[in-house]
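To keep things clear, I will list the structure first and then write my remarks on it.
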Amino acid sequence: MSKFMNILNFKQLINRKTTFVIPIAATLLYIGIFISFHEMIGGPPAAFSIFSVILAGWFLGIRAALIWSLIVLIIDIFLYSNFIGVDTPGTYLVEAFPAFLSIFAAGVVAGWIRNLSQKNKMELAERKKVELDIQKSEQKFRSQFDNMIDGMAIDEILYENGKPVDWIIKDVNPAYERIMKISRNDIVGKRGTDIYESYATIEPFLKDYDRVLKTGRPLTKKSHYLIKNRNIVISSFALGENQIAVIFDDITEQEKAFQAEKKQREFVDTMGKITYALNETLKLDKVLDIILENMGQFVSFDAADITLIQDGKLSMARHIGYAKFGLENFAENFSISLDEISTAKWMYQNQIPLIISDTDSTDFWTTFPEVAWIKSYMGLPIIAKGNLVGILNFLSAQKGFYEGFPFEQLMPFAEQVAIGIDNARTFEDAQKRSQRLTLINQVAFQLSQPSDLETIQQLAVDSLANALNLEQVGLAMLNQGRDCLTIVADHPAPGNTSSKGSVIMLENNPSMDYIFKHKTSFSSKDAQHDPMLEAVKHFMIRQKIYSILIIPLIINGEVIGTIGCDVTSENRVLTQDDINLAEILANLVAGQIEQARLLSMEKKRTAELAMLHETSLAITQPYELSILHRQIVEKAVWLLDSSAGMLYLKTDEDDVFECKVSYNNQYDPFGTRLRLGEGAAGIVAKINQPLIIPNYGSWEQKPAIFEKVLDDFPLLTVPVHWQSEVKGVIQIGRDPGKPSFEKSDVELLSLFSSQVAITLENSRLYQEVQELAVLDPLTQVYNRRGFADIATREIERAQRFNHSLALLFLDIDHFKEINDTHGHAAGDQILSGIADRCRSILRNVDVISRHGGEEFLILLLETNKNTAIKIAKRIQSLIKDYPLQIDAGPISITISIGVAEFNDQVNDLSSLIHNADVALYKAKTSGRNRVVAFQSNEENSG
């Protein structure tokens, strides 16, 4: 059949193309003739153009002929201008106008003839179709007519002056021949007066038949008074065109037995056909069609239907006869609860047939406007495996129609119907299970492909939308704080925008409370008005969601997210099968998401450990302390993909932490000091535990110095502790609007802080070692090595920038006698005391060193000779005027100081020390306890 249709369509396509090709070919032929033979003909051959216009009209219609006429006119103007020599198109139009009108008229006539021909063809085809339908109807009627149990005659009533005078017998069926004991050939075509001898004899029948024709009401069960020896009852009904059908029913015992036997044979034969037909198919729709076709074989009715029961609801699966009552739409959409229909509820409870002969005289009948016409009812329950699966309903508009009906004879039919429906449903369920397993396998295969978490999530919603035939599906995942869900993937319906990134709060959200408490799905058939969905009502309205199924994603007994199956069609509601399939697929999705999430976490962990290793290597390089501190913060910021960072370290002052590095941060300037328990840094230092603040601007424990910080940005603070003592804290911040820190971030930064603690401790030890190498252990001032390094750099700087520089050379007077008198311990105390008093007077930038024994060198930066002399005298006075405290008691001592200035005559450190030593020697030889400045030969001569 499909091959035949393809050939037919191809031929139609060829025909359509041919209709265009022929006029075009004729036009091209005309152009060729014009160009080739216009000189030979002796004049312009414009007349030939009429053929292309006629062909256009014939193949394409009047409108095409009009257009083609204009095209030909334009072509003629071009041809005449280029080949005949007409100077202007206007000249040609004037000359050729009559010919053009003729061509135009010919095309219109051809188009008109073509349209008329097509119309005739269509009418002929329609007539043939009607004749074929009539032929089929006549064949069907003839089959029923010939197979009737009761006799039937078709009579045509004859009228004279509007009065019935006779009838002609047009046809009779075999049952009529048997009942009336007369051959069809002997009676067809005869008049009633020929059979019953006179008009007076048949007049009562004529009056009855006339009334039937005029009123349209059938005549039922009237005894045939002309046949005395047999009990024959006649009925009649109008056929139209003065014809009536007269039914003869012989109710004598012999005839009754014959008819009963015949009916039994017909019943058995019909049941056999029905059984065979039902066994031939396992498709429920086909089974229902077979049942509907055969319901009229056993019971007469005005309307009938097959009502099936599904999930406690009654729905009409098939119906017949409702259309003539204007109830076609009612029957198509009939769906009601089983408990609302008293007849159905009764048959559900009792599982036996029910007859209500007069619906108006009983309160048992459920009445509503659409069934008010039903006056008599019979219901036949369809029972499969002990359960009521449906009802065969027979309805009549005539009171008492089903009174006393022997419904027992219908039980075999009902049993076959039940078997057919049960088998079809079993097969349908098996098909659904097979389809469902196929869908599950397809989704499982798609989800099992190696992909990242984001791809898995998007694939999940797309697969569910396809499997459930849904226009919209969304996937939301629970956040770390377990207070909201974020939509991470969605399959939006046409016309809806993506909701990806939207947040669903769990607080005051009854539907989510239900899901998280019971760990089961939530569904609503009226999503826009359901109180359980009040928290997301605006979302339901905006997205045009009419009903919804929300399925939890559960891993290890905990809800990690939800899948929303949104129905955006008002006429669709998810069935229980849909819900079951969605929940199975959701379990698959949950497992795959968890697997992808664990894999992603593992990959992230591996990457973080690699980054941590790289970062740890970076901060273990031998940096200066300030550079090391900055490296720590910068690497921590990079490690956590953040934007800002701070490093607070514990000071020598108890319970005070000072900001040593403030990287990309406007709130914690370098040098900010916080006490233990003050602010995020102080709290972490106190509790020795990490702290996540999702929105710092709204945090209520900000210290006073940060009260003006209103920006809500995520902040993570972790302690840096060494051997259970907090040495400092690292703080990492992200820009406002960025995701807050998670547990994995805390773990990573804590690992990094452990490495930082080791690095800081190593740095401290290294610093101590370095200090031991350049400091005098007794006085804690620089030794010769340390002093030489610093002094050399400062002299180079002074030379480069022409800065002043001075050197004091200090010696304790009579120090050997003090040692001899009080011992070396007292001498050590005096040396330490001298160093302390010098430090108390000097600036932080000035450099003190113990040059050896009781001698000290003091380098004064940015200082000239006169200022250096004043500083030297202040040191001398402080030591002379205030005795030093030693274990033996206070002791008074004096010192001598030589002063030298760095100038053009001094080239290096040794020269500067030499000049200061010369001045010191002069102070010693001049009586000690004095300050002497070095003077060059030029100064002495001057």
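For the structure tokens, the naming scheme is as follows: chains receive sequential letters (A, B, ...) according to their order of presentation, residues are indexed from 1 within each chain, and ligands are indexed from 1 in presentation order.
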Identify, on the basis of only C-alpha atoms, every residue whose closest approach to Pro714 (chain A) does not exceed 10 Å; exclude the query and any residue fewer than 3 positions from it along the same chain; express the result as a CSV table (one decimal) with N, CA and C atoms, in the first residue's frame.
```csv
chain,number,residue,atom,x,y,z
A,642,SER,N,40.9,32.7,45.4
A,642,SER,CA,40.3,33.8,46.1
A,642,SER,C,40.9,35.1,45.6
A,692,ILE,N,34.4,29.9,59.2
A,692,ILE,CA,33.9,30.3,57.9
A,692,ILE,C,32.8,31.4,58.2
A,693,ILE,N,32.9,32.5,57.6
A,693,ILE,CA,31.9,33.6,57.7
A,693,ILE,C,31.4,33.8,56.3
A,694,PRO,N,30.2,33.3,55.9
A,694,PRO,CA,29.7,33.5,54.5
A,694,PRO,C,29.5,34.9,54.1
A,695,ASN,N,29.0,35.8,55.0
A,695,ASN,CA,28.8,37.2,54.7
A,695,ASN,C,29.3,38.0,55.8
A,696,TYR,N,30.6,38.5,55.6
A,696,TYR,CA,31.3,39.2,56.7
A,696,TYR,C,30.6,40.5,57.0
A,697,GLY,N,30.0,41.2,56.0
A,697,GLY,CA,29.4,42.5,56.2
A,697,GLY,C,28.2,42.4,57.2
A,711,ASP,N,30.2,45.4,53.1
A,711,ASP,CA,30.2,44.4,52.0
A,711,ASP,C,30.1,43.0,52.5
A,732,ILE,N,41.5,34.4,54.3
A,732,ILE,CA,41.3,34.4,52.9
A,732,ILE,C,39.9,34.9,52.6
A,733,GLY,N,39.8,35.9,51.7
A,733,GLY,CA,38.5,36.5,51.3
A,733,GLY,C,38.2,36.4,49.8
A,734,ARG,N,36.9,36.3,49.5
A,734,ARG,CA,36.5,36.3,48.1
A,734,ARG,C,35.6,37.5,47.8
A,735,ASP,N,35.5,37.9,46.6
A,735,ASP,CA,34.7,39.0,46.2
A,735,ASP,C,33.2,38.8,46.6
A,736,PRO,N,32.5,39.9,46.9
A,736,PRO,CA,31.0,39.7,47.2
A,736,PRO,C,30.3,39.0,46.0
A,737,GLY,N,29.4,38.1,46.4
A,737,GLY,CA,28.7,37.4,45.4
A,737,GLY,C,29.3,36.1,45.0
A,738,LYS,N,30.6,35.9,45.3
A,738,LYS,CA,31.3,34.6,45.0
A,738,LYS,C,30.8,33.5,46.0
A,739,PRO,N,30.9,32.2,45.6
A,739,PRO,CA,30.5,31.2,46.5
A,739,PRO,C,31.3,31.2,47.8
A,740,SER,N,30.6,30.8,48.9
A,740,SER,CA,31.3,30.8,50.2
A,740,SER,C,32.3,29.6,50.2
A,741,PHE,N,33.1,29.6,51.3
A,741,PHE,CA,34.0,28.5,51.4
A,741,PHE,C,33.4,27.3,52.0
```
All residues 10 Å or closer to Lys922 (chain A), only C-alpha atoms, same chain fewer than 5 positions away omitted, as an MDAnalysis selection string: chainID A and resid 896:898 916:917 927:928 930:934
Selection near Ala685 (chain A), 12 Å with only C-alpha atoms, sequence-local residues under 2 positions removed, as a PDB file with C-alpha atoms, in the first residue's frame:
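Ended up saving to out00.pdb:
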```
ATOM      1  CA  TYR A 648      48.297  38.013  61.473  1.00  0.00           C
ATOM      2  CA  LEU A 649      51.251  36.972  63.673  1.00  0.00           C
ATOM      3  CA  LYS A 650      51.572  36.932  67.429  1.00  0.00           C
ATOM      4  CA  ASP A 655      47.493  38.111  73.492  1.00  0.00           C
ATOM      5  CA  VAL A 656      48.069  40.633  70.678  1.00  0.00           C
ATOM      6  CA  PHE A 657      48.217  39.713  66.974  1.00  0.00           C
ATOM      7  CA  GLU A 658      49.487  42.110  64.337  1.00  0.00           C
ATOM      8  CA  LEU A 674      43.787  42.635  67.373  1.00  0.00           C
ATOM      9  CA  ARG A 675      43.592  41.104  70.827  1.00  0.00           C
ATOM     10  CA  LEU A 676      42.817  37.473  71.535  1.00  0.00           C
ATOM     11  CA  GLY A 677      39.061  36.920  70.950  1.00  0.00           C
ATOM     12  CA  GLU A 678      38.679  40.175  68.996  1.00  0.00           C
ATOM     13  CA  GLY A 679      37.317  39.863  65.445  1.00  0.00           C
ATOM     14  CA  ALA A 680      37.595  36.783  63.250  1.00  0.00           C
ATOM     15  CA  ALA A 681      41.388  36.606  63.624  1.00  0.00           C
ATOM     16  CA  GLY A 682      41.216  36.973  67.413  1.00  0.00           C
ATOM     17  CA  ILE A 683      38.431  34.388  67.773  1.00  0.00           C
ATOM     18  CA  ILE A 687      39.649  28.752  69.931  1.00  0.00           C
ATOM     19  CA  ASN A 688      42.414  27.367  67.675  1.00  0.00           C
ATOM     20  CA  GLN A 689      39.758  26.248  65.154  1.00  0.00           C
ATOM     21  CA  PRO A 690      38.928  27.391  61.587  1.00  0.00           C
ATOM     22  CA  LEU A 691      36.026  29.799  61.066  1.00  0.00           C
ATOM     23  CA  THR A 717      40.165  32.164  58.851  1.00  0.00           C
ATOM     24  CA  VAL A 718      42.431  29.305  59.973  1.00  0.00           C
ATOM     25  CA  PRO A 719      44.974  29.195  62.797  1.00  0.00           C
ATOM     26  CA  VAL A 720      48.717  28.765  62.299  1.00  0.00           C
ATOM     27  CA  HIS A 721      49.820  26.763  65.312  1.00  0.00           C
ATOM     28  CA  SER A 724      49.624  23.549  70.233  1.00  0.00           C
ATOM     29  CA  GLU A 725      50.525  27.246  70.436  1.00  0.00           C
ATOM     30  CA  VAL A 726      48.821  29.609  67.981  1.00  0.00           C
ATOM     31  CA  LYS A 727      51.544  31.617  66.257  1.00  0.00           C
ATOM     32  CA  GLY A 728      49.210  33.454  63.898  1.00  0.00           C
ATOM     33  CA  VAL A 729      46.167  33.231  61.607  1.00  0.00           C
ATOM     34  CA  ILE A 730      45.668  33.232  57.838  1.00  0.00           C
ATOM     35  CA  GLN A 731      42.561  34.933  56.446  1.00  0.00           C
TER      36      GLN A 731
END
```
Counting only C-alpha atoms, the residue of A:Ala888, A:Leu533, A:Ile487, A:Asp566 that sits nearest Gly501 (chain A): A:Ile487
DSSP strand (DSSP E) selection over region 819-940 of chain A, as a list in words: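 DSSP-assigned strand (DSSP E) residues in region 819-940 of chain A: Val847, Ile848, Ser849, Arg850, His851, Gly852, Glu855, Phe856, Leu857, Ile858, Leu859, Leu860, Leu861, Leu884, Gln885, Ile886, Gly889, Pro890, Ile891, Ile895, Ser896, Ile897, Gly898, Val899, Ala900, Glu901, Val931, Val932 and Ala933 of chain A.
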Write out the residues from the selection above, keeping N, CA and C atoms, as a short mmCIF file (atom, residue, chain, number, x, y, z; two decimals), in the first residue's frame.
```cif
data_model
loop_
_atom_site.label_atom_id
_atom_site.label_comp_id
_atom_site.auth_asym_id
_atom_site.auth_seq_id
_atom_site.Cartn_x
_atom_site.Cartn_y
_atom_site.Cartn_z
N VAL A 847 73.63 51.93 64.51
CA VAL A 847 74.18 50.58 64.65
C VAL A 847 75.24 50.56 65.75
N ILE A 848 75.03 49.67 66.77
CA ILE A 848 75.98 49.52 67.88
C ILE A 848 76.69 48.18 67.72
N SER A 849 77.97 48.14 68.00
CA SER A 849 78.69 46.87 67.98
C SER A 849 79.74 46.86 69.09
N ARG A 850 80.03 45.65 69.54
CA ARG A 850 81.14 45.46 70.50
C ARG A 850 82.39 45.13 69.68
N HIS A 851 83.32 46.07 69.72
CA HIS A 851 84.50 45.94 68.85
C HIS A 851 85.52 44.97 69.43
N GLY A 852 85.46 44.78 70.72
CA GLY A 852 86.39 43.87 71.37
C GLY A 852 86.65 44.33 72.80
N GLU A 855 85.60 47.85 74.31
CA GLU A 855 85.45 48.86 73.26
C GLU A 855 84.14 48.63 72.47
N PHE A 856 83.46 49.76 72.13
CA PHE A 856 82.22 49.72 71.34
C PHE A 856 82.35 50.68 70.16
N LEU A 857 81.77 50.31 69.02
CA LEU A 857 81.66 51.19 67.87
C LEU A 857 80.18 51.53 67.66
N ILE A 858 79.90 52.81 67.38
CA ILE A 858 78.52 53.26 67.14
C ILE A 858 78.51 54.01 65.81
N LEU A 859 77.74 53.47 64.81
CA LEU A 859 77.63 54.12 63.51
C LEU A 859 76.35 54.95 63.50
N LEU A 860 76.51 56.26 63.29
CA LEU A 860 75.38 57.19 63.30
C LEU A 860 75.04 57.56 61.86
N LEU A 861 73.85 57.14 61.38
CA LEU A 861 73.44 57.40 60.00
C LEU A 861 72.86 58.80 59.89
N LEU A 884 76.15 52.31 87.59
CA LEU A 884 75.57 51.06 87.09
C LEU A 884 75.33 50.09 88.24
N GLN A 885 74.25 49.38 88.19
CA GLN A 885 73.93 48.40 89.23
C GLN A 885 74.51 47.04 88.84
N ILE A 886 75.38 46.54 89.73
CA ILE A 886 75.91 45.18 89.56
C ILE A 886 75.60 44.39 90.81
N GLY A 889 76.71 45.85 93.96
CA GLY A 889 76.18 47.16 94.32
C GLY A 889 76.45 48.17 93.23
N PRO A 890 76.05 49.43 93.42
CA PRO A 890 76.27 50.45 92.40
C PRO A 890 77.75 50.76 92.25
N ILE A 891 78.11 51.02 90.99
CA ILE A 891 79.50 51.34 90.70
C ILE A 891 79.53 52.47 89.68
N ILE A 895 83.73 56.88 80.65
CA ILE A 895 84.12 56.38 79.34
C ILE A 895 84.80 57.49 78.56
N SER A 896 85.63 57.09 77.59
CA SER A 896 86.25 58.03 76.66
C SER A 896 85.73 57.71 75.27
N ILE A 897 85.46 58.75 74.45
CA ILE A 897 84.86 58.55 73.13
C ILE A 897 85.64 59.33 72.09
N GLY A 898 85.98 58.63 70.99
CA GLY A 898 86.57 59.29 69.85
C GLY A 898 85.54 59.41 68.75
N VAL A 899 85.47 60.59 68.10
CA VAL A 899 84.47 60.86 67.07
C VAL A 899 85.17 61.09 65.74
N ALA A 900 84.65 60.40 64.67
CA ALA A 900 85.20 60.61 63.33
C ALA A 900 84.04 60.75 62.34
N GLU A 901 84.25 61.56 61.32
CA GLU A 901 83.20 61.82 60.31
C GLU A 901 83.63 61.26 58.97
N VAL A 931 85.26 63.51 75.42
CA VAL A 931 84.92 63.25 74.01
C VAL A 931 85.87 64.06 73.16
N VAL A 932 86.54 63.38 72.20
CA VAL A 932 87.49 64.07 71.32
C VAL A 932 87.12 63.71 69.87
N ALA A 933 87.06 64.73 69.00
CA ALA A 933 86.77 64.54 67.58
C ALA A 933 88.05 64.48 66.80
#
```
Contacts of Asp363 (chain A) within 12 Å, only C-alpha atoms, excl. fewer than 6 positions in-chain, as a PyMOL selection string: chain A and resi 342-343+356
Nearest to Val488 (chain A) by atom-to-atom distance, counting only C-alpha atoms, from A:Lys708, A:Lys500, A:Arg542, A:His814: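 Among the listed residues, A:Lys500 lies closest to Val488 (chain A).
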Close residues, region 815-817 of chain A itself excluded, 9 Å, only C-alpha atoms, min 6 positions apart in chain, as a count of residues only: 3
Nearest-residue call for Tyr514 (chain A), choices A:Leu628, A:Ile579, A:Met532, A:Gln144, using only C-alpha atoms: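 Answer, going by the shortest atom-to-atom distance: A:Met532.
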Exercise: Ile352 (chain A) partners within 10 Å, only C-alpha atoms, chain neighbours under 5 positions left out, as a PDB file with C-alpha atoms, in the first residue's frame:
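Result saved to selection_3.pdb:
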```pdb
ATOM      1  CA  TRP A 346     -23.073  -1.512  43.526  1.00  0.00           C
ATOM      2  CA  MET A 347     -21.616  -3.730  40.779  1.00  0.00           C
ATOM      3  CA  GLY A 379     -25.103  -2.959  33.405  1.00  0.00           C
ATOM      4  CA  LEU A 380     -22.934  -6.000  32.844  1.00  0.00           C
ATOM      5  CA  PRO A 381     -19.840  -6.204  35.085  1.00  0.00           C
ATOM      6  CA  ILE A 382     -16.517  -7.198  33.496  1.00  0.00           C
ATOM      7  CA  ILE A 383     -14.776  -9.392  36.066  1.00  0.00           C
ATOM      8  CA  LEU A 388     -14.126  -5.680  38.552  1.00  0.00           C
ATOM      9  CA  MET A 411     -22.597 -13.946  30.866  1.00  0.00           C
TER      10      MET A 411
END
```
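When CA of Lys214 (chain A) is paired with CA of Asp166 (chain A), their separation reads 16.0 Å.
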Spatial neighbours of region 149-162 of chain A, max dist 8 Å, only C-alpha atoms, sep filter under 2 positions, as a PyMOL selection string: chain A and resi 145+147+164-179+206+209-210+242-250+259+262-263
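Distances to Pro494 (chain A) were evaluated for A:Ser569, A:Gln351, A:Asn556, A:Ser451 using only C-alpha atoms, and the minimum falls at A:Ser569.
Counting from CA of Ser840 (chain A), the distance to CA of Ile869 (chain A) is 17.0 Å.
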DSSP-assigned alpha helix (DSSP H) members of region 267-422 of chain A, reported as number ranges by chain: A: 267-280, 284-295, 328-332, 342-350, 411-422
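The two atoms in question, CA of Ile391 (chain A) and CA of Thr307 (chain A), are spaced 5.2 Å apart.
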